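Participant: Have a look at this one.
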Amino acid sequence: MRPDFEATPKTANLSSYLAELLAEQRVLDTPVSRFSRAHDTQVPDGSVTRFSELIPLSQPAVDEQYAFQVELDSCTGCKACVAGCHALNGLDEDETWRDIGLLVSDDSTHPFQQTITTACHHCADPACLNGCPVLAYEKDPLTGIVRHLDDQCIGCQYCVLKCPYDVPKYSERLGIVRKCDMCRGRLSVGEAPACVQACPTQAISIVKVPVGRLNGRPIAATSNFLPCAPDPAITRPTTRYVSSKPLPASLRRADAHSISAQCAHTPLVAMLVLTQLGIGLQVASGMAIIGEFTAPNVATTGYTLFVAGLMASVAHLGQPFRAWRVFLNLRRSWLSREAVVFGAVMVVAGSHLAVTWGILPIAPLLANTSLLLLGTTAIACSAMIYVDTRRQFWSPTSTFGRFLSTAAISALSVLHPLAASGALLMKLAMEGTHLLPSNRPEGPESISTRLLRGPLLTTFLVRLGLGLAAAALLITDNLRTGFALFAIGEFVERTIFFRAVSAPGMPGLPKR
Amino acid sequence: MKDRIARALTAREGPMTSELVLHPGGFGLGSVPVRLTPAGTAQSVCGFCSTGCSLTVHLDHTGQAINLTPNPHYPVNLGMACPKGWEALTPLGALDRARTPLLRNKSTGQMEAVSWSQALETFVSRFKEVQSRHGQHAVAALSTGQITTEEMALLGALTKFGMGLIHLDSNTRQCMATSHVAYRQSFGFDAPPYTYADFEESDALFFIGSNPCIAHPIMWQRVMRNPHNPDIVVIDPRVTETAMAATLHVPLRPKSDLVLLYGLARGLLDRGAVDQAFVDVHTNRFAEFRTFLADFPRERTLRETAISAATFDRLTEIVATGKRVSFWWTMGVNQGHESTRTAQAIINLALMTGNIGRPGTGANSITGQCNAMGSRLFGNASSLMGGYDFASASHRAHVADILGIPPELIPARKSWAYDEIIDGIDHGKIRALWVIATNTAHSWINQSRFAALRDKLDFMVVQDMYPTTETARLADLVLPAAGWGEKEGVLINSERRLGVIRKVSRAPGEALSDFSIFKLVAELWGCGDMFARWKSPEAAFGILRELSRGQPCDFSGIEGYDHIESARGIQWPYASSSGSAAIGHERRLFSDGQFYTADGRAVFHFEAPRPMPETTDNEYPFLLLTGRGSSSQWHAGSRTDKSEVLRRLAPTALYVEINPKDAKGLNLENNDSVTVRSRRGTAAAFVVITPNIQSGQLFMPMHFAHVNRLTHPSFDPHSRQPSYKACAVRIDRATTGLDEAASSF
């Protein structure tokens, strides 16, 4: 690319000079060969030996694993660990595997601040691993490192919901999550992990920590994990935060007062609402539906909604073509269980539809009872996916209440509109309780409340309006419009279900 | 069987897995990601702060940088870097880099891409037109501590000797002018005496208005390596990261540091802790200083600084009993209304206790920008390049001789300081301005005035990597500059170490190095012949080497860039006569007690403290302190905001820290939206309640664009450095939501 010169006599010389300078600017006058040579003659690399004192000399014993240790006294907030990890692991521009937070005190007599550096805690009982439907997480039996298998991951992001420390990070580019593997490749050749190498004050090291089992579940010997961090009893994180000075009693996370609405996960909203509406309708079609509707029509509508819901769920996956593995973790993952049960529902509901249309000679009562039992199980599995994250807003009462009542109201709308209307009003009331102030000044519950009373208030009012209108229409026999408004209202309700949850994590920085 | 099924169902390998696979990088690098395997490496010192870390840049087969790691063999950083250093390559790839010159279309008011020849012709014709109408000195330039020494020197020579300007100042006025003047007056030359090894050799370290944990984390590394279990004293109104790490934090009243330092000197006198032998042989004016200190009895110090008697006594004891006491200061001292005397009060403490010239001692100014030290020696602003004096005819003749120019081209007067140039615009004396690699509209104290004065300029040129800085957006002409990593040259760090930056990345579009731009301007201005010898940055370095010969900063023994690199940086002095080979990696000045004054003695300078120019009152009841907010943000953020990684390491909206007591009184809670007002402007922020700031004070980080709307334009009379650290403000709950705060980044 040559610049556009106006070749006036005055600038003729300038033009050639300019061209020369532009050409020169493009030449990198650091020929690789020259510097490679220079390096070959330089002193031998000292970086490997230099950090070897920060990693264990021997591999962990049977009842041990590797763990990060952070000397809080030495960590003074330079944050090089985050950038060093990013560069040495070749992460994407917007991807960090280490994060930085701050603990502060409100006690005026003892001012205090402590930077907290945090990465994967390589938990003894990792929630990511337990929840992953395709077994894309492995806990190395020797080192205890929790490794993510990038080519196995289907991008369902359930681990993101399951991890209390916000460790797995979803990559839009790849459609999978990635996370810290304690630089297992480096450790295997006697090099310290990137963050350990990058810390100017040697605050991070790798140590061996004892691990064992308690009541059949794995535990790690890190009883005092870190104040203001999520309860270590959930996943048994192995990172050790150590300090020679006791931390003050009145600690607070610097981000304790920031609230931000979470991702809405629209495909999941669609999946949950459509499958629940569909199962409800189809089960009702085999019962005493009111005159206005016919069983085949209701069953067909229900089945269509259900299948549409299943298809919507695929849109949630970053790697849908790998999703055939989804049954692999039936032993531990509610997502695997949901997938398998939903598969069964599809078959049973298909048969049910055929029975309703008179194509398949099975006793209708048997078909309907099967669908009722299996459908309820499927919805319960859906609910358990969220309950199992132990997030407060997704408590069993709230989650089961929402999911099952969606199906029940859907069914009642063609069986007993007045009852449907009453149930919907009760559901609205239940949802409204989350707006009531909590007794506790801080904490996850109050974050959901503050989200609902703040940034999500308009959404909630829309949801309320839709629900009330649907209830009114159902009572006044405008059943089709009533059902439609009810369904739309459920979409909004489920959006709120995702957006108003308080996502746990390690302490962060002050945030707007 | 079970294992075989599991294996069949588990994809352990594949394209995504291999993205992150590590293997030996060669070149002594340890493991690197396979896809970022270097074909070679280059060494380059970092272009952010004055620490001067060496970075090993990983290159692909075309010589283009693909990654970097800190250099483990460099005596400054010992294999470490702060987040800015690790991310140094990222800002080069920003989408908003200036790729062509941009000229404002007079009819539409929009910036339009133009050719270099059109840009340069406009540059020359508009500046010459202003000079012909309003006098040669009506064109001024504002430079930077962020370009190479060769570029600074070329700019200084071009503007003053070629274009006939008088007024050229630099953003180093905002950070380092005070240390420059303080050292010149006290030691006879601007000569920070220390080497970083002194951090490790002290048995007591004083950090005064300094927060190295986040401002200079790689220097702090050296403090942490100190094996002597030292006393670490931090004198700072705030409980900073460094104060947390200190063994003694002295939370004095803001801007009472001068009283404290004089009080401490008096305390040492009273204790008989003066090194009389050193004072007698190596200093002047100590007797006058002793008399002056009569006005600083202990009671006055305690009253005016609001520190406890026990703390004060402990301070005195640490200095009195320490064998190797070092005093370190940064912007908390330099940016004050009586900063030169404050810096000299620190120097006085070192002199009177003989804590200078020995390992682990010194009165040590920690510099700010990567090449503030280059600017101080060769910027050609207030002193003639090479550390000479504009006012001296013999100096002018000497410099002219080396440069090969007629001595009458060198003006006999020094430049106006930055604030005087701004005043000059207001008074119509300055009618055109050339701004190079600085962001005046963001960083200048009481910034709104600069924007308002823009209309008084007939023509304004901004030369920068980005056409999007607050200042570039005000320009008539933007010249696209190559940045660090896209050019060669020398930077001089805090401990006087010359380091080389290397060209490891191609500049975007038609962006050119500042050196090339200056050469082009010279060519078109008609003074190109004057710079015929300045063929390349390294050729220019040869000229600077000659200028340094015989000066305290003599580095005439340096052969060239490769010599600097193979020696892992070279501290001045490094004279050709000094038997360079035997000189070590860590050298300090004044070990012989000989200073650079005419009689070889250091001088005690002192002056009665003055009250703060703007104090709090009923209307503006809070004192606003400003400063660095995190290690991941550099000044106005022109470069660091380009890195997503760095942006994650600090709050992304402007916040204001307030003491819990004050917050309670104002009924404010964390994250509330507030408006902070001074007599000069307002800034929207969100509330962060912390006892780390004293009651009656507020803190705001300087990296956000609106903070300097608030600051009060007062200046140290000796250094003309602005006093950023103290102004009176009020804080009110915001009436209009968060939008402004969110957009203020």
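So you can find residues: chains in the structure tokens are A, B, ... in the order shown, residues in each start at 1, and ligands are numbered from 1 in order.
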If you run DSSP over the backbone, which residues in segment 123-240 of chain A end up helix (DSSP H, G or I)? Put them as a PyMOL selection string.
Facilitator: chain A and resi 127-131+158-162+184-188+194-198
Participant: Among segment 401-442 of chain B, which residues carry a DSSP assignment of strand (DSSP E or B), reported as a PyMOL selection string?
Facilitator: chain B and resi 432-436
Participant: So that I can check the surroundings of segment 226-242 of chain A, please list as a list in words every protein, DNA and RNA residue that reaches within 7 Å of it, counting only C-alpha atoms and ignoring chain neighbours fewer than 2 positions away.
Facilitator: Ala67, Phe68, Gln69, Val70, Glu71, Leu72, His121, His122, Cys123, Ala124, Asp125, Pro126, Ala127, Pro164, Ile219, Ala220, Thr222, Asn224, Ser244, Arg252, Arg253, Pro504, Gly505, Met506 and Pro507 of chain A
Participant: Considering only C-alpha atoms, return as a PyMOL selection string whatever protein or nucleic-acid residues lie within 9 Å of segment 461-469 of chain A, sequence-local ones (same chain, fewer than 3 positions apart) excluded.
Facilitator: chain A and resi 421+424-425+428+432+456-458+472-474+482+485-493+496
Participant: Those same residues, written as a PDB file, in the first residue's frame with N, CA and C atoms?
Facilitator:
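Result went into part.pdb, see below:
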```pdb
ATOM      1  N   SER A 421     -57.207 -20.851  36.928  1.00  0.00           N
ATOM      2  CA  SER A 421     -57.077 -19.443  37.287  1.00  0.00           C
ATOM      3  C   SER A 421     -56.627 -19.293  38.733  1.00  0.00           C
ATOM      4  N   LEU A 424     -53.021 -20.281  39.066  1.00  0.00           N
ATOM      5  CA  LEU A 424     -52.123 -19.255  38.514  1.00  0.00           C
ATOM      6  C   LEU A 424     -51.955 -18.102  39.500  1.00  0.00           C
ATOM      7  N   LEU A 425     -53.057 -17.707  40.140  1.00  0.00           N
ATOM      8  CA  LEU A 425     -52.966 -16.618  41.130  1.00  0.00           C
ATOM      9  C   LEU A 425     -52.053 -17.023  42.284  1.00  0.00           C
ATOM     10  N   LEU A 428     -48.498 -16.767  41.114  1.00  0.00           N
ATOM     11  CA  LEU A 428     -48.064 -15.369  41.085  1.00  0.00           C
ATOM     12  C   LEU A 428     -47.704 -14.891  42.489  1.00  0.00           C
ATOM     13  N   GLY A 432     -44.191 -13.567  43.910  1.00  0.00           N
ATOM     14  CA  GLY A 432     -44.117 -12.244  44.521  1.00  0.00           C
ATOM     15  C   GLY A 432     -43.398 -12.244  45.861  1.00  0.00           C
ATOM     16  N   LEU A 456     -34.870  -5.696  37.569  1.00  0.00           N
ATOM     17  CA  LEU A 456     -35.818  -6.635  36.961  1.00  0.00           C
ATOM     18  C   LEU A 456     -37.271  -6.312  37.298  1.00  0.00           C
ATOM     19  N   LEU A 457     -37.479  -5.160  37.929  1.00  0.00           N
ATOM     20  CA  LEU A 457     -38.846  -4.850  38.382  1.00  0.00           C
ATOM     21  C   LEU A 457     -39.819  -4.760  37.199  1.00  0.00           C
ATOM     22  N   THR A 458     -39.396  -4.077  36.143  1.00  0.00           N
ATOM     23  CA  THR A 458     -40.284  -3.941  34.977  1.00  0.00           C
ATOM     24  C   THR A 458     -40.655  -5.316  34.428  1.00  0.00           C
ATOM     25  N   ALA A 472     -57.798 -13.760  34.507  1.00  0.00           N
ATOM     26  CA  ALA A 472     -59.107 -13.162  34.246  1.00  0.00           C
ATOM     27  C   ALA A 472     -59.763 -13.806  33.030  1.00  0.00           C
ATOM     28  N   LEU A 473     -58.982 -13.998  31.956  1.00  0.00           N
ATOM     29  CA  LEU A 473     -59.526 -14.573  30.730  1.00  0.00           C
ATOM     30  C   LEU A 473     -59.976 -16.017  30.945  1.00  0.00           C
ATOM     31  N   LEU A 474     -59.194 -16.758  31.744  1.00  0.00           N
ATOM     32  CA  LEU A 474     -59.562 -18.157  31.984  1.00  0.00           C
ATOM     33  C   LEU A 474     -60.896 -18.253  32.725  1.00  0.00           C
ATOM     34  N   GLY A 482     -56.648 -16.875  26.898  1.00  0.00           N
ATOM     35  CA  GLY A 482     -56.160 -17.022  28.274  1.00  0.00           C
ATOM     36  C   GLY A 482     -54.944 -17.923  28.322  1.00  0.00           C
ATOM     37  N   LEU A 485     -51.889 -16.116  26.809  1.00  0.00           N
ATOM     38  CA  LEU A 485     -51.285 -15.139  27.725  1.00  0.00           C
ATOM     39  C   LEU A 485     -50.589 -15.833  28.887  1.00  0.00           C
ATOM     40  N   PHE A 486     -51.209 -16.913  29.354  1.00  0.00           N
ATOM     41  CA  PHE A 486     -50.589 -17.691  30.427  1.00  0.00           C
ATOM     42  C   PHE A 486     -49.220 -18.211  29.963  1.00  0.00           C
ATOM     43  N   ALA A 487     -49.183 -18.747  28.731  1.00  0.00           N
ATOM     44  CA  ALA A 487     -47.929 -19.298  28.222  1.00  0.00           C
ATOM     45  C   ALA A 487     -46.863 -18.220  28.094  1.00  0.00           C
ATOM     46  N   ILE A 488     -47.270 -17.071  27.544  1.00  0.00           N
ATOM     47  CA  ILE A 488     -46.289 -15.978  27.413  1.00  0.00           C
ATOM     48  C   ILE A 488     -45.801 -15.556  28.798  1.00  0.00           C
ATOM     49  N   GLY A 489     -46.739 -15.479  29.737  1.00  0.00           N
ATOM     50  CA  GLY A 489     -46.378 -15.125  31.107  1.00  0.00           C
ATOM     51  C   GLY A 489     -45.375 -16.094  31.695  1.00  0.00           C
ATOM     52  N   GLU A 490     -45.533 -17.391  31.356  1.00  0.00           N
ATOM     53  CA  GLU A 490     -44.586 -18.375  31.879  1.00  0.00           C
ATOM     54  C   GLU A 490     -43.199 -18.170  31.287  1.00  0.00           C
ATOM     55  N   PHE A 491     -43.157 -17.754  30.007  1.00  0.00           N
ATOM     56  CA  PHE A 491     -41.848 -17.434  29.413  1.00  0.00           C
ATOM     57  C   PHE A 491     -41.166 -16.322  30.202  1.00  0.00           C
ATOM     58  N   VAL A 492     -41.944 -15.303  30.530  1.00  0.00           N
ATOM     59  CA  VAL A 492     -41.347 -14.188  31.267  1.00  0.00           C
ATOM     60  C   VAL A 492     -40.943 -14.646  32.669  1.00  0.00           C
ATOM     61  N   GLU A 493     -41.815 -15.437  33.282  1.00  0.00           N
ATOM     62  CA  GLU A 493     -41.488 -15.962  34.626  1.00  0.00           C
ATOM     63  C   GLU A 493     -40.182 -16.734  34.602  1.00  0.00           C
ATOM     64  N   ILE A 496     -37.161 -14.596  34.327  1.00  0.00           N
ATOM     65  CA  ILE A 496     -36.831 -14.050  35.649  1.00  0.00           C
ATOM     66  C   ILE A 496     -36.137 -15.109  36.505  1.00  0.00           C
TER      67      ILE A 496
END
```
Participant: Could you check the closest approach to chain A for each of B:Val462, B:Val234, B:Ile430, B:Leu524 and tell me which residue wins, using only C-alpha atoms?
Facilitator: B:Leu524
Participant: Using only C-alpha atoms, find the one residue out of B:Pro212, B:Pro467, B:Pro480, B:Gly267 that sits nearest to Ala245 of chain B.
Facilitator: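 For Ala245 of chain B, the nearest of the candidates is B:Pro212.
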Participant: For atom CA of Ala299 of chain A and atom CA of Ala407 of chain A, determine how far apart the two atoms are, in Å to one decimal place.
Facilitator: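 Those two atoms sit 13.7 Å apart.
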Participant: Write out as number ranges by chain the residues lying within 6 Å of segment 318-334 of chain A, counting only C-alpha atoms and excluding same-chain residues fewer than 3 positions away.
Facilitator: A: 130-131, 133-134, 154-155, 175-176, 337-338, 385
Participant: Could those residues be written to a file, using N, CA and C atoms, as a PDB file, in the first residue's frame?
Facilitator:
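Written file, out_8.pdb:
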```pdb
ATOM      1  N   ASN A 130     -19.211 -33.505  38.787  1.00  0.00           N
ATOM      2  CA  ASN A 130     -20.423 -34.242  39.149  1.00  0.00           C
ATOM      3  C   ASN A 130     -21.587 -33.890  38.237  1.00  0.00           C
ATOM      4  N   GLY A 131     -21.633 -32.630  37.793  1.00  0.00           N
ATOM      5  CA  GLY A 131     -22.789 -32.196  37.018  1.00  0.00           C
ATOM      6  C   GLY A 131     -22.656 -32.425  35.526  1.00  0.00           C
ATOM      7  N   PRO A 133     -22.821 -33.714  32.058  1.00  0.00           N
ATOM      8  CA  PRO A 133     -23.559 -34.858  31.531  1.00  0.00           C
ATOM      9  C   PRO A 133     -22.708 -35.758  30.636  1.00  0.00           C
ATOM     10  N   VAL A 134     -21.594 -35.239  30.103  1.00  0.00           N
ATOM     11  CA  VAL A 134     -20.838 -36.026  29.128  1.00  0.00           C
ATOM     12  C   VAL A 134     -19.474 -36.451  29.658  1.00  0.00           C
ATOM     13  N   ILE A 154     -19.830 -30.412  25.380  1.00  0.00           N
ATOM     14  CA  ILE A 154     -20.909 -30.101  24.442  1.00  0.00           C
ATOM     15  C   ILE A 154     -21.392 -28.659  24.581  1.00  0.00           C
ATOM     16  N   GLY A 155     -20.766 -27.932  25.489  1.00  0.00           N
ATOM     17  CA  GLY A 155     -21.119 -26.518  25.633  1.00  0.00           C
ATOM     18  C   GLY A 155     -22.464 -26.283  26.288  1.00  0.00           C
ATOM     19  N   GLY A 175     -17.579 -22.557  21.540  1.00  0.00           N
ATOM     20  CA  GLY A 175     -18.797 -23.261  21.923  1.00  0.00           C
ATOM     21  C   GLY A 175     -18.573 -24.272  23.027  1.00  0.00           C
ATOM     22  N   ILE A 176     -17.516 -24.081  23.800  1.00  0.00           N
ATOM     23  CA  ILE A 176     -17.255 -24.964  24.941  1.00  0.00           C
ATOM     24  C   ILE A 176     -16.793 -24.107  26.117  1.00  0.00           C
ATOM     25  N   ARG A 337     -29.688 -37.399  33.468  1.00  0.00           N
ATOM     26  CA  ARG A 337     -30.962 -38.059  33.808  1.00  0.00           C
ATOM     27  C   ARG A 337     -32.119 -37.384  33.086  1.00  0.00           C
ATOM     28  N   GLU A 338     -32.110 -36.064  33.089  1.00  0.00           N
ATOM     29  CA  GLU A 338     -33.182 -35.339  32.394  1.00  0.00           C
ATOM     30  C   GLU A 338     -33.232 -35.720  30.926  1.00  0.00           C
ATOM     31  N   ILE A 385     -32.005 -30.258  38.234  1.00  0.00           N
ATOM     32  CA  ILE A 385     -30.810 -29.653  37.612  1.00  0.00           C
ATOM     33  C   ILE A 385     -30.481 -28.336  38.309  1.00  0.00           C
TER      34      ILE A 385
END
```
Participant: Between atom CA of Ile570 of chain B and atom CA of Arg588 of chain B, what is the distance, to one decimal in Å?
Facilitator: 12.2 Å
Participant: Find the distance between atom CA of Thr275 of chain A and atom CA of Leu451 of chain A and write it in Å to one decimal.
Facilitator: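 Result for atom CA of Thr275 of chain A versus atom CA of Leu451 of chain A: 27.2 Å, one decimal.
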Participant: Rank nothing, just name the residue among A:Asp107, A:Glu64, A:Glu20, A:Glu53 nearest to chain B, using only C-alpha atoms.
Facilitator: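 Among the listed residues, A:Asp107 lies closest to chain B.
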Participant: Could you name the residues that touch Val603 of chain B at 7 Å or less, counting only C-alpha atoms, but leaving out those on the same chain fewer than 6 positions away, as a VMD selection string?
Facilitator: chain B and resid 186 to 187 283 to 285
Participant: Give the answer as one residue: which of B:Val319, B:Leu349, B:Leu142, B:Ala412 has the shortest atom-to-atom distance to Phe390 of chain B, using only C-alpha atoms?
Facilitator: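 So, comparing all the options, the nearest one is B:Ala412.
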Participant: Select, from B:Ile425, B:Cys213, B:Cys727, B:Ile492, the residue with the minimum atom-to-atom distance to Pro200 of chain A, counting only C-alpha atoms.
Facilitator: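 Smallest separation from Pro200 of chain A among the options: B:Cys213.
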Participant: Show which residues sit within 7 Å of Ser678 of chain B, as a list in words. Count only C-alpha atoms, and ignore same-chain residues fewer than 4 positions away.
Facilitator: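 Near neighbours after the sequence-gap exclusion: Tyr620, Thr682, Leu710, Ala728, Val729 and Arg730 of chain B.
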Participant: Mind dumping the selected residues with C-alpha atoms as a PDB file, in the first residue's frame?
Facilitator:
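Generated file (part03.pdb):
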```
ATOM      1  CA  TYR B 620     -16.960  21.969  49.880  1.00  0.00           C
ATOM      2  CA  THR B 682     -18.403  17.678  38.559  1.00  0.00           C
ATOM      3  CA  LEU B 710     -12.329  18.523  39.866  1.00  0.00           C
ATOM      4  CA  ALA B 728     -11.971  20.788  48.165  1.00  0.00           C
ATOM      5  CA  VAL B 729     -15.088  18.983  46.980  1.00  0.00           C
ATOM      6  CA  ARG B 730     -18.584  18.109  48.053  1.00  0.00           C
TER       7      ARG B 730
END
```
Participant: Between B:Leu457, B:Leu155, B:Leu59, B:Leu168, which has the minimum distance to chain A (counting only C-alpha atoms)?
Facilitator: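 Of all the options, B:Leu59 lies closest to chain A.
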